[in-house]
Amino acid sequence: MMPLLFCCEDGEWVEPSNTVYFKRHVATGDYQQTKGIRSEKRIPTGKLFGLRKYDLIQTDKGIGFVKGKRSSGYFAIDNILGETITTSLNVKKNMVRLSARTTTLTQLMEGGDSSCT
């Protein structure tokens, strides 16, 4: 693999790192407020058990973002690429909120291929 050349002096090379950050932009709010044929059922859009959608949390299953909330306390957790970590996780036990949601989600991925094509 040939090293990448950036703003360097003659003969100076920069080795690429194996650390890769992934970024994803999400909507500011939850725009679907109701569901049902005649909008008879309201969807909870705020915090539920101290968590909002797209909060970064750490559990015994792994680190991921809150994808779906249930009023029973079981949440769906995904990583930044959209891959499901778990579809039903009880957040009342062994859960740590690492950061609140923002419109730009970032997650560190180790060992990624950092070569340019």
# chains A, B, ... in the order shown; residues from 1 in each chain; ligands from 1
$ select_by_dssp --residues "stretch 1-93 of chain A" --states "strand (DSSP E or B)" --output "ChimeraX atom specification"
/A:4,14,20-25,34-35,41-42,48,51,56-59,62-68,74-78,84-90
$ closest_atom_pairs --of "stretch 20-56 of chain A" --to "stretch 93-96 of chain A" --cutoff "12 Å" --atoms "only C-alpha atoms" --output "CSV"
residue,atom,partner,partner_atom,distance
A:Phe49,CA,A:Met95,CA,11.1
A:Gly50,CA,A:Val96,CA,10.7
A:Leu51,CA,A:Val96,CA,10.3
A:Asp55,CA,A:Val96,CA,10.5
A:Leu56,CA,A:Val96,CA,8.8
$ residues_around --residues "A:Ile77" --least-positions-apart "5" --cutoff "10 Å" --atoms "only C-alpha atoms" --output "PyMOL selection string"
chain A and resi 53-59+61-69+82-89
$ closest_residue --among "A:Val20, A:Gln32, A:Phe75, A:Glu15" --to "A:Thr106" --atoms "only C-alpha atoms"
A:Val20
$ atom_distance --atom1 "atom CA of A:Asn90" --atom2 "atom CA of A:Ser72"
8.5 Å
$ atom_distance --atom1 "atom CA of A:Arg101" --atom2 "atom CA of A:Thr34"
21.9 Å
$ atom_distance --atom1 "atom CA of A:Arg52" --atom2 "atom CA of A:Arg38"
25.9 Å
$ closest_residue --among "A:Val91, A:Ser17, A:Thr102, A:Pro44" --to "A:Asp30" --atoms "only C-alpha atoms"
A:Pro44
$ closest_residue --among "A:Tyr74, A:Cys8, A:Thr104, A:Lys41" --to "A:Thr28" --atoms "only C-alpha atoms"
A:Thr104
$ closest_residue --among "A:Lys92, A:Gly46, A:Leu81, A:Ser71" --to "A:Phe22" --atoms "only C-alpha atoms"
A:Leu81
$ closest_residue --among "A:Leu108, A:Thr103, A:Gly73, A:Lys23" --to "A:Lys47" --atoms "only C-alpha atoms"
A:Gly73
